[in-house]
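Have a look at the structure below before the remarks.
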Amino acid sequence: MGIVVMKFGGTSVGSIERIKNVARIIAKKKDQGHDVACVVSAMSGETDRLINLLKEIDPKYSPREYDQLVSTGESASSPLVAQSLISMGYPAVSLTGIQIGMVTNGAHSNSRIMDVKADRIREEFKKGKICIIAGFQGLFPETGDITTLGRGGSDTSAVAVAAALKANVCEIYTDVDGVYTADPRIVKHAKKLDKISYDEMLELASLGAKVLQSRSVELGMNHNVDIMVLSSLEDKPGTLVTKEDSDMEQVVVTGVVSDKNQAKITITAVPDNPGIASKIFNKIADSNINVDVIVQNVGKDGNTDMSFTVQKTDILRATDVCNAIAKEIGAKEVLADENIAKVSIVGVGMRSHAGVAAKMFSLLAENNINIKMITTSEIKVSCVVEEKFSELAVRILHEAFVEA
Ligand code: ADP
Ligand code: ASP
Ligand code: MG
């Protein structure tokens with residue numbers, strides 16, 4: 001007996017029938033004698049529907065209005081889950097991000113959590129209530145405005161609630177029964193992992209594996225909260241995301257992942273002077289745009305080309321910012337390419353195995369897939385390729401590194 005924190009994603013609460021199924025899973029936990037806090041996402045498709053409505057009015061919408069609008073998806077699903085429990089005879093209460101004291105840093109559409117006060121949750125526990133919490137949303141106290149945590153942010157809400165309540169584990173229920181060696185929708189032979197280290201999961205999530213939002217893994221790692229990924233549709237063992245142990249190092253490549261939500265920007269003929277890169281990337285950072293892979297070509301005639309990737313959703317803003325910078329520093333032009341994807345292999349075993357990157361480049365070359373950019377870290381290798389090759393590349397790499 002103790003505190004259990006659960007989270008159910010969009011598909012799991014996607015219809016009234018599914019919501020009733022979720023209520024039964026929560027009720028079972030309550031019957032075991034636990035205090036239960038459960039974070040829920042918007043019903044599947046709802047967040048996209050709301051974003052599309054806003055874009056129809058203006059593609060360069062106000063970030064404040066975006067948050068005010070999209071946070072309603074979770075504000076709607078949480079009372080539906082709470083009501084299902086109440087109707088089954090279980091005491092439950094739905095709570096918004098504001099009501100649980102989810103304090104964020106105020107960056108609209110992509111906020112970070114600064115604190116979770118959770119007093120209200122503790123009070124409701126004392127009354128014997130199950131708390132059904134709207135994920136994805138928080139409050140920036142300085143402006144009194146609602147903020148959201150980035151796509152997939154309910155995972156992060158859940159781990160933050162688990163950390164605040166000092167729960168040892170956060171159960172993330174979704175539409176797959178765990179974390180696989182690749183997205184099971186892309187690779188038929190992908191294998192379910194019993195456990196995976198925080199570091200590897202953090203890389204997989206940051207590199208495009210949608211199953212967990214990367215910040216949720218970061219929070220779990222920093223606050224020692226294990227994350228258990230489970231199916232809401234089948235009662236099966238899931239995948240534990242936890243501290244690294246010695247078995248994990250035996251495997252060279254734990255997972256293969258791709259991210260199509262990337263776009264490449266090139267600023268051509270940038271004056272090759274000290275301080276130019278800092279000028280460009282500081283301006284971009286000031287606009288809250290995350291830059292990923294950066295490549296600077298060898299300078300020629302005192303000029304150089306600078307390429308980098310951003311999230312596709314940031315491309316309009318990033319191009320605007322870069323056009324202004326290009327003018328200021330006297331660069332030639334700004335080119336945007338949305339038809340790219342990043343394909344990566346991840347594994348802690350790479351630390352002790354040589355030649356992994358070289359093998360990845362050879363496999364891509366043998367299949368006539370051109371590499372546009374490369375980036376590596378201790379436990380991953382990523383290549384930017386043409387978007388149309390993304391799934392083929394994942395299958396080839398999975399077959400060679402994981403299935404072999
Ligand atoms: P939820 O709505 O429950 O938050 P998501 O759609 O955000 O669920 O995440 C679950 C999906 O993540 C799965 O349906 C699966 O297609 C995808 N996915 C991508 N990579 C992986 C992976 N390595 N293991 C498991 N699922 C993955
Ligand atoms: N509803 C939000 C989204 O679709 C948050 C989440 O589901 O985690 O991104
Ligand atoms: Mg998700």
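All residue names refer to the structure tokens as shown: chains lettered A, B, ... in order, residues numbered from 1 in each chain, ligands numbered from 1 in order.
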Practice prompt. From the DSSP assignment of the backbone, select every residue of segment 177-232 of chain A that is strand (DSSP E or B), and format the answer as a VMD selection string.
Written response: chain A and resid 180 192 195 to 197 226 to 231
Fill in: All residues 6 Å or closer to segment 78-81 of chain A, only C-alpha atoms, same chain fewer than 3 positions away omitted, as a PyMOL selection string
chain A and resi 19+75+84+94+132+134
Worksheet item: DSSP says helix (DSSP H, G or I) for which residues of segment 35-270 of chain A? Put them as a PyMOL selection string?
Response: chain A and resi 46-57+63-70+72-87+119-126+154-164+198-206+214-223+246-250
Practice prompt. Write out as JSON, numbers by chain the residues lying within 9 Å of Val159 of chain A, counting only C-alpha atoms and excluding same-chain residues fewer than 5 positions away.
Written response: {"A": [5, 6, 7, 154, 164, 169, 170, 171, 172, 216, 217, 219, 220, 225, 226, 227]}
Take the selection from the previous step and output its residues with N, CA, C and O atoms, as a CSV table (one decimal), in the first residue's frame.
chain,number,residue,atom,x,y,z
A,5,VAL,N,1.1,6.5,-8.9
A,5,VAL,CA,0.8,7.5,-10.0
A,5,VAL,C,0.7,6.8,-11.3
A,5,VAL,O,1.6,6.0,-11.7
A,6,MET,N,-0.4,7.0,-12.0
A,6,MET,CA,-0.7,6.4,-13.3
A,6,MET,C,-0.9,7.5,-14.3
A,6,MET,O,-1.2,8.6,-14.0
A,7,LYS,N,-0.7,7.1,-15.6
A,7,LYS,CA,-1.0,8.0,-16.7
A,7,LYS,C,-1.6,7.3,-17.9
A,7,LYS,O,-1.1,6.2,-18.2
A,154,SER,N,1.9,15.1,-21.3
A,154,SER,CA,1.2,14.4,-20.1
A,154,SER,C,2.1,13.4,-19.5
A,154,SER,O,2.0,13.2,-18.3
A,164,ALA,N,6.8,14.6,-7.0
A,164,ALA,CA,6.3,15.5,-5.9
A,164,ALA,C,5.7,14.7,-4.8
A,164,ALA,O,5.8,15.0,-3.6
A,169,VAL,N,7.5,4.8,-8.4
A,169,VAL,CA,7.3,4.4,-9.8
A,169,VAL,C,6.1,5.2,-10.4
A,169,VAL,O,5.2,5.5,-9.6
A,170,CYS,N,6.2,5.5,-11.7
A,170,CYS,CA,5.1,6.1,-12.4
A,170,CYS,C,4.7,5.1,-13.5
A,170,CYS,O,5.6,4.7,-14.3
A,171,GLU,N,3.5,4.7,-13.5
A,171,GLU,CA,3.0,3.8,-14.5
A,171,GLU,C,2.4,4.5,-15.7
A,171,GLU,O,1.4,5.3,-15.5
A,172,ILE,N,3.0,4.4,-16.9
A,172,ILE,CA,2.5,5.1,-18.1
A,172,ILE,C,1.8,4.0,-18.9
A,172,ILE,O,2.4,3.1,-19.5
A,216,SER,N,10.1,13.6,-19.6
A,216,SER,CA,9.6,12.8,-18.5
A,216,SER,C,10.7,11.8,-18.1
A,216,SER,O,10.8,11.5,-16.9
A,217,VAL,N,11.5,11.4,-19.0
A,217,VAL,CA,12.6,10.5,-18.7
A,217,VAL,C,13.7,11.3,-17.9
A,217,VAL,O,14.2,10.8,-16.9
A,219,LEU,N,13.2,13.8,-16.0
A,219,LEU,CA,12.7,14.0,-14.6
A,219,LEU,C,12.8,12.8,-13.8
A,219,LEU,O,13.2,12.8,-12.6
A,220,GLY,N,12.4,11.6,-14.4
A,220,GLY,CA,12.5,10.4,-13.7
A,220,GLY,C,13.9,10.1,-13.3
A,220,GLY,O,14.2,9.7,-12.1
A,225,VAL,N,12.7,8.3,-10.1
A,225,VAL,CA,11.4,7.7,-10.2
A,225,VAL,C,11.5,6.7,-11.4
A,225,VAL,O,11.8,7.1,-12.5
A,226,ASP,N,11.3,5.4,-11.1
A,226,ASP,CA,11.2,4.4,-12.2
A,226,ASP,C,10.0,4.7,-13.0
A,226,ASP,O,8.9,5.1,-12.5
A,227,ILE,N,10.1,4.4,-14.3
A,227,ILE,CA,8.9,4.6,-15.2
A,227,ILE,C,8.6,3.2,-15.8
A,227,ILE,O,9.4,2.5,-16.3
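Summary of the local environment: counting only C-alpha atoms, residues at most 12 Å from Asp247 of chain A, other than itself and those fewer than 4 positions away along its chain, are Asp194, Lys195, Ile196, Ser197, Lys243, Val251, Val252, Thr254, Val348 and Gly349 of chain A.
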Can you spit out the residues from that selection as a short mmCIF file (atom, residue, chain, number, x, y, z; two decimals), in the first residue's frame, using all heavy atoms?
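See result_32.cif below for the written result:
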data_model
loop_
_atom_site.label_atom_id
_atom_site.label_comp_id
_atom_site.auth_asym_id
_atom_site.auth_seq_id
_atom_site.Cartn_x
_atom_site.Cartn_y
_atom_site.Cartn_z
N ASP A 194 12.51 -5.69 -21.62
CA ASP A 194 12.02 -5.82 -20.23
C ASP A 194 12.38 -4.57 -19.45
O ASP A 194 11.64 -4.11 -18.61
CB ASP A 194 12.67 -7.01 -19.53
CG ASP A 194 12.27 -8.31 -20.18
OD1 ASP A 194 11.18 -8.34 -20.76
OD2 ASP A 194 13.08 -9.27 -20.13
N LYS A 195 13.62 -4.09 -19.71
CA LYS A 195 14.04 -2.86 -19.04
C LYS A 195 15.00 -2.10 -19.93
O LYS A 195 15.62 -2.69 -20.84
CB LYS A 195 14.64 -3.15 -17.67
CG LYS A 195 15.82 -4.04 -17.70
CD LYS A 195 16.32 -4.32 -16.28
CE LYS A 195 17.45 -5.33 -16.37
NZ LYS A 195 18.04 -5.67 -15.12
N ILE A 196 15.11 -0.82 -19.67
CA ILE A 196 16.01 0.05 -20.45
C ILE A 196 16.52 1.13 -19.51
O ILE A 196 15.80 1.55 -18.58
CB ILE A 196 15.26 0.62 -21.70
CG1 ILE A 196 16.19 1.50 -22.54
CG2 ILE A 196 14.00 1.40 -21.31
CD1 ILE A 196 15.59 1.89 -23.90
N SER A 197 17.77 1.57 -19.74
CA SER A 197 18.34 2.58 -18.84
C SER A 197 17.74 3.96 -19.15
O SER A 197 17.30 4.22 -20.28
CB SER A 197 19.86 2.64 -19.01
OG SER A 197 20.18 3.17 -20.28
N LYS A 243 17.61 2.80 -13.63
CA LYS A 243 19.08 3.00 -13.62
C LYS A 243 19.78 1.91 -14.41
O LYS A 243 19.34 0.76 -14.41
CB LYS A 243 19.58 2.90 -12.17
CG LYS A 243 19.37 4.15 -11.39
CD LYS A 243 20.29 4.08 -10.15
CE LYS A 243 19.81 4.98 -9.08
NZ LYS A 243 18.91 4.36 -8.12
N VAL A 251 24.65 -5.21 -24.67
CA VAL A 251 24.01 -5.01 -25.97
C VAL A 251 24.58 -3.75 -26.61
O VAL A 251 24.63 -2.70 -25.97
CB VAL A 251 22.49 -4.83 -25.75
CG1 VAL A 251 21.75 -4.64 -27.07
CG2 VAL A 251 21.93 -6.01 -24.98
N VAL A 252 25.01 -3.84 -27.88
CA VAL A 252 25.62 -2.66 -28.52
C VAL A 252 24.54 -1.67 -28.92
O VAL A 252 24.60 -0.49 -28.59
CB VAL A 252 26.47 -3.07 -29.74
CG1 VAL A 252 27.11 -1.84 -30.36
CG2 VAL A 252 27.52 -4.07 -29.33
N THR A 254 20.59 -0.89 -28.60
CA THR A 254 19.35 -1.22 -27.89
C THR A 254 18.13 -0.84 -28.74
O THR A 254 17.11 -1.51 -28.71
CB THR A 254 19.30 -0.47 -26.54
OG1 THR A 254 20.46 -0.81 -25.82
CG2 THR A 254 18.07 -0.82 -25.74
N VAL A 348 23.96 1.83 -24.79
CA VAL A 348 25.07 2.12 -23.88
C VAL A 348 26.29 1.25 -24.19
O VAL A 348 27.42 1.62 -23.90
CB VAL A 348 24.68 1.98 -22.37
CG1 VAL A 348 23.79 3.09 -21.91
CG2 VAL A 348 24.06 0.63 -22.07
N GLY A 349 26.05 0.10 -24.85
CA GLY A 349 27.15 -0.79 -25.21
C GLY A 349 28.10 -0.17 -26.23
O GLY A 349 29.23 -0.64 -26.40
#
Worksheet entry | Nearby polymer residues, ligand 2, at most 7 Å, only C-alpha atoms and all ligand atoms, as number ranges by chain | A: 9-10, 41-42, 47-48, 73-74, 135-136, 150-155
Could those residues be written to a file, using N, CA, C and O atoms, as a PDB file, in the first residue's frame?
ATOM      1  N   GLY A   9      -2.725   7.710 -21.900  1.00  0.00           N
ATOM      2  CA  GLY A   9      -2.571   8.562 -23.087  1.00  0.00           C
ATOM      3  C   GLY A   9      -3.862   8.681 -23.893  1.00  0.00           C
ATOM      4  O   GLY A   9      -4.893   8.099 -23.545  1.00  0.00           O
ATOM      5  N   GLY A  10      -3.759   9.428 -24.975  1.00  0.00           N
ATOM      6  CA  GLY A  10      -4.917   9.796 -25.802  1.00  0.00           C
ATOM      7  C   GLY A  10      -5.733   8.614 -26.314  1.00  0.00           C
ATOM      8  O   GLY A  10      -6.961   8.610 -26.225  1.00  0.00           O
ATOM      9  N   SER A  41      -4.385  12.280 -20.664  1.00  0.00           N
ATOM     10  CA  SER A  41      -4.209  13.105 -21.866  1.00  0.00           C
ATOM     11  C   SER A  41      -5.573  13.484 -22.415  1.00  0.00           C
ATOM     12  O   SER A  41      -6.599  12.939 -21.988  1.00  0.00           O
ATOM     13  N   ALA A  42      -5.568  14.326 -23.423  1.00  0.00           N
ATOM     14  CA  ALA A  42      -6.790  14.624 -24.181  1.00  0.00           C
ATOM     15  C   ALA A  42      -7.196  13.372 -24.956  1.00  0.00           C
ATOM     16  O   ALA A  42      -6.346  12.526 -25.258  1.00  0.00           O
ATOM     17  N   THR A  47      -6.123  17.149 -29.525  1.00  0.00           N
ATOM     18  CA  THR A  47      -5.105  18.219 -29.533  1.00  0.00           C
ATOM     19  C   THR A  47      -4.830  18.656 -30.979  1.00  0.00           C
ATOM     20  O   THR A  47      -4.796  19.858 -31.273  1.00  0.00           O
ATOM     21  N   ASP A  48      -4.687  17.679 -31.888  1.00  0.00           N
ATOM     22  CA  ASP A  48      -4.463  18.021 -33.303  1.00  0.00           C
ATOM     23  C   ASP A  48      -5.639  18.809 -33.868  1.00  0.00           C
ATOM     24  O   ASP A  48      -5.462  19.764 -34.608  1.00  0.00           O
ATOM     25  N   GLY A  73      -8.229  20.242 -24.056  1.00  0.00           N
ATOM     26  CA  GLY A  73      -8.384  18.803 -24.367  1.00  0.00           C
ATOM     27  C   GLY A  73      -8.299  17.977 -23.094  1.00  0.00           C
ATOM     28  O   GLY A  73      -9.125  17.078 -22.857  1.00  0.00           O
ATOM     29  N   GLU A  74      -7.332  18.294 -22.255  1.00  0.00           N
ATOM     30  CA  GLU A  74      -7.132  17.558 -21.002  1.00  0.00           C
ATOM     31  C   GLU A  74      -8.157  18.002 -19.956  1.00  0.00           C
ATOM     32  O   GLU A  74      -8.577  17.201 -19.115  1.00  0.00           O
ATOM     33  N   GLY A 135      -3.361  16.315 -17.667  1.00  0.00           N
ATOM     34  CA  GLY A 135      -1.934  16.388 -18.006  1.00  0.00           C
ATOM     35  C   GLY A 135      -1.662  17.583 -18.905  1.00  0.00           C
ATOM     36  O   GLY A 135      -2.580  18.342 -19.260  1.00  0.00           O
ATOM     37  N   PHE A 136      -0.386  17.771 -19.260  1.00  0.00           N
ATOM     38  CA  PHE A 136       0.014  18.689 -20.340  1.00  0.00           C
ATOM     39  C   PHE A 136      -0.075  20.171 -19.983  1.00  0.00           C
ATOM     40  O   PHE A 136       0.524  20.997 -20.634  1.00  0.00           O
ATOM     41  N   GLY A 150       4.495  21.006 -24.260  1.00  0.00           N
ATOM     42  CA  GLY A 150       5.022  20.415 -25.493  1.00  0.00           C
ATOM     43  C   GLY A 150       4.269  19.131 -25.797  1.00  0.00           C
ATOM     44  O   GLY A 150       3.729  18.493 -24.889  1.00  0.00           O
ATOM     45  N   ARG A 151       4.280  18.723 -27.081  1.00  0.00           N
ATOM     46  CA  ARG A 151       3.512  17.541 -27.477  1.00  0.00           C
ATOM     47  C   ARG A 151       3.985  16.317 -26.686  1.00  0.00           C
ATOM     48  O   ARG A 151       5.178  16.145 -26.462  1.00  0.00           O
ATOM     49  N   GLY A 152       3.017  15.538 -26.260  1.00  0.00           N
ATOM     50  CA  GLY A 152       3.346  14.360 -25.444  1.00  0.00           C
ATOM     51  C   GLY A 152       3.612  14.705 -23.987  1.00  0.00           C
ATOM     52  O   GLY A 152       4.072  13.871 -23.203  1.00  0.00           O
ATOM     53  N   GLY A 153       3.288  15.957 -23.591  1.00  0.00           N
ATOM     54  CA  GLY A 153       3.677  16.471 -22.273  1.00  0.00           C
ATOM     55  C   GLY A 153       2.978  15.844 -21.080  1.00  0.00           C
ATOM     56  O   GLY A 153       3.439  16.020 -19.940  1.00  0.00           O
ATOM     57  N   SER A 154       1.906  15.081 -21.302  1.00  0.00           N
ATOM     58  CA  SER A 154       1.246  14.450 -20.149  1.00  0.00           C
ATOM     59  C   SER A 154       2.149  13.424 -19.479  1.00  0.00           C
ATOM     60  O   SER A 154       2.026  13.170 -18.281  1.00  0.00           O
ATOM     61  N   ASP A 155       3.068  12.829 -20.256  1.00  0.00           N
ATOM     62  CA  ASP A 155       4.030  11.900 -19.642  1.00  0.00           C
ATOM     63  C   ASP A 155       4.833  12.652 -18.583  1.00  0.00           C
ATOM     64  O   ASP A 155       5.075  12.141 -17.484  1.00  0.00           O
TER      65      ASP A 155
END
Sorted by chain and rising residue number, which residues of segment 101-148 of chain A lie within 10 Å of segment 285-292 of chain A, and what are their closest atom pairs and distances in Å to one decimal, counting only C-alpha atoms, as JSON lines?
{"residue": "A:Ala107", "atom": "CA", "partner": "A:Asn288", "partner_atom": "CA", "distance": 7.8}
{"residue": "A:His108", "atom": "CA", "partner": "A:Asn288", "partner_atom": "CA", "distance": 9.4}
{"residue": "A:Asn110", "atom": "CA", "partner": "A:Asn288", "partner_atom": "CA", "distance": 8.7}
Item to complete: Go through the chains and note each residue within 7 Å of ligand 1, using only C-alpha atoms and all ligand atoms, then give the set as a ChimeraX atom specification.
Response: /A:8-12,44,152,155,173-176,178-185,209-212,255,257
Discussion item. Can you pull out the residues contacting Gln68 of chain A? Cut-off 8 Å, using only C-alpha atoms, and skip same-chain residues under 2 positions away; I want them as a list in words.
Written reply: Arg64, Glu65, Tyr66, Val70, Ser71, Thr72, Asp145, Ile146 and Thr147 of chain A
Serialized selection, N, CA, C and O atoms, as a compact mmCIF listing (two decimals), in the first residue's frame:
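Final output, saved to again.txt:
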# COMPACT_ATOMS: atom_id res chain seq x y z
N ARG A 64 0.12 32.34 -26.71
CA ARG A 64 -0.72 32.35 -25.51
C ARG A 64 -2.08 31.73 -25.81
O ARG A 64 -2.60 30.91 -25.06
N GLU A 65 -2.67 32.12 -26.95
CA GLU A 65 -4.00 31.58 -27.30
C GLU A 65 -3.90 30.08 -27.61
O GLU A 65 -4.83 29.33 -27.36
N TYR A 66 -2.76 29.67 -28.18
CA TYR A 66 -2.53 28.24 -28.44
C TYR A 66 -2.67 27.45 -27.13
O TYR A 66 -3.43 26.49 -27.04
N VAL A 70 -5.37 24.63 -26.47
CA VAL A 70 -5.07 23.19 -26.48
C VAL A 70 -5.15 22.55 -25.09
O VAL A 70 -5.41 21.36 -24.98
N SER A 71 -4.99 23.36 -24.05
CA SER A 71 -5.09 22.79 -22.70
C SER A 71 -6.51 22.29 -22.41
O SER A 71 -6.70 21.49 -21.49
N THR A 72 -7.48 22.74 -23.20
CA THR A 72 -8.87 22.32 -22.93
C THR A 72 -9.09 20.83 -23.21
O THR A 72 -10.02 20.23 -22.68
N ASP A 145 -1.02 33.01 -16.61
CA ASP A 145 -1.50 32.35 -17.83
C ASP A 145 -1.26 30.84 -17.80
O ASP A 145 -0.29 30.36 -17.21
N ILE A 146 -2.15 30.15 -18.54
CA ILE A 146 -1.99 28.70 -18.71
C ILE A 146 -0.85 28.45 -19.70
O ILE A 146 -0.72 29.18 -20.69
N THR A 147 -0.06 27.43 -19.41
CA THR A 147 1.01 27.05 -20.34
C THR A 147 0.88 25.55 -20.61
O THR A 147 0.28 24.83 -19.80
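Closest approach to Val381 of chain A among A:Thr266, A:Ala365, A:Pro91, A:Val253 is made by A:Val253 (distances from only C-alpha atoms).
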Pick out the residues sitting within 9 Å of Ile315 of chain A, and hand them over as a PDB file with C-alpha atoms, in the first residue's frame; count only C-alpha atoms, and ignore anything fewer than 6 positions along from it in its own chain.
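The result, stored in part36.pdb:
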ATOM      1  CA  GLN A 262      12.882  17.714 -38.538  1.00  0.00           C
ATOM      2  CA  ALA A 263      13.688  20.442 -41.037  1.00  0.00           C
ATOM      3  CA  LYS A 264      17.026  21.784 -42.214  1.00  0.00           C
ATOM      4  CA  ILE A 265      17.957  25.421 -42.537  1.00  0.00           C
ATOM      5  CA  ALA A 336      14.749  25.678 -45.810  1.00  0.00           C
ATOM      6  CA  GLU A 338      11.479  20.145 -44.899  1.00  0.00           C
TER       7      GLU A 338
END
Practice prompt. Rank nothing, just name the residue among A:Val93, A:Met88, A:Val229, A:Ala76 nearest to ligand 3, using only C-alpha atoms and all ligand atoms.
Written response: A:Val229
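The residue that comes closest to ligand 3, out of A:Ser232, A:Ser377, A:Gln99, A:Thr156 and on the basis of only C-alpha atoms and all ligand atoms, is A:Thr156.
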Worksheet item: Could you pull the residues within 10 Å of Asn224 of chain A, counting only C-alpha atoms, minus those fewer than 5 positions along the same chain, as an MDAnalysis selection string?
Response: chainID A and resid 163 166:169 198 218:219 242:243
Would you put the residues from that selection into a file with N, CA, C and O atoms, as a short mmCIF file (atom, residue, chain, number, x, y, z; two decimals), in the first residue's frame?
data_model
loop_
_atom_site.label_atom_id
_atom_site.label_comp_id
_atom_site.auth_asym_id
_atom_site.auth_seq_id
_atom_site.Cartn_x
_atom_site.Cartn_y
_atom_site.Cartn_z
N ALA A 163 7.15 12.42 -8.70
CA ALA A 163 8.29 12.95 -7.94
C ALA A 163 7.79 13.79 -6.76
O ALA A 163 8.29 13.65 -5.64
N LYS A 166 6.56 11.70 -4.06
CA LYS A 166 7.59 10.75 -3.64
C LYS A 166 7.18 9.29 -3.91
O LYS A 166 7.46 8.39 -3.12
N ALA A 167 6.50 9.09 -5.02
CA ALA A 167 6.17 7.71 -5.43
C ALA A 167 7.42 7.12 -6.06
O ALA A 167 8.20 7.83 -6.69
N ASN A 168 7.64 5.81 -5.90
CA ASN A 168 8.86 5.21 -6.45
C ASN A 168 8.73 4.91 -7.93
O ASN A 168 9.71 4.74 -8.63
N VAL A 169 7.49 4.76 -8.37
CA VAL A 169 7.30 4.38 -9.77
C VAL A 169 6.12 5.16 -10.36
O VAL A 169 5.18 5.50 -9.65
N TYR A 198 17.77 4.83 -18.14
CA TYR A 198 17.29 6.20 -18.37
C TYR A 198 18.03 6.85 -19.54
O TYR A 198 17.42 7.52 -20.38
N GLU A 218 13.93 12.50 -18.34
CA GLU A 218 14.90 13.35 -17.64
C GLU A 218 14.48 13.55 -16.18
O GLU A 218 15.27 13.39 -15.26
N LEU A 219 13.20 13.83 -15.99
CA LEU A 219 12.68 14.04 -14.63
C LEU A 219 12.77 12.77 -13.80
O LEU A 219 13.16 12.81 -12.63
N THR A 242 14.78 2.51 -15.96
CA THR A 242 15.42 2.59 -14.64
C THR A 242 16.93 2.84 -14.77
O THR A 242 17.44 3.05 -15.87
N LYS A 243 17.61 2.80 -13.63
CA LYS A 243 19.08 3.00 -13.62
C LYS A 243 19.78 1.91 -14.41
O LYS A 243 19.34 0.76 -14.41
#
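Here atom CA of Pro63 of chain A is placed at a distance of 12.6 Å from atom CA of Thr313 of chain A.
Comparing A:Ala331, A:Val385, A:Val116, A:Ile57 by their smallest distance to Ala160 of chain A, the closest is A:Val116 (using only C-alpha atoms).
Comparing the minimum interatomic distances between ligand 3 and each of A:Leu335, A:Ala205, A:Met102, A:Met360, counting only C-alpha atoms and all ligand atoms, we find that A:Ala205 sits nearest.
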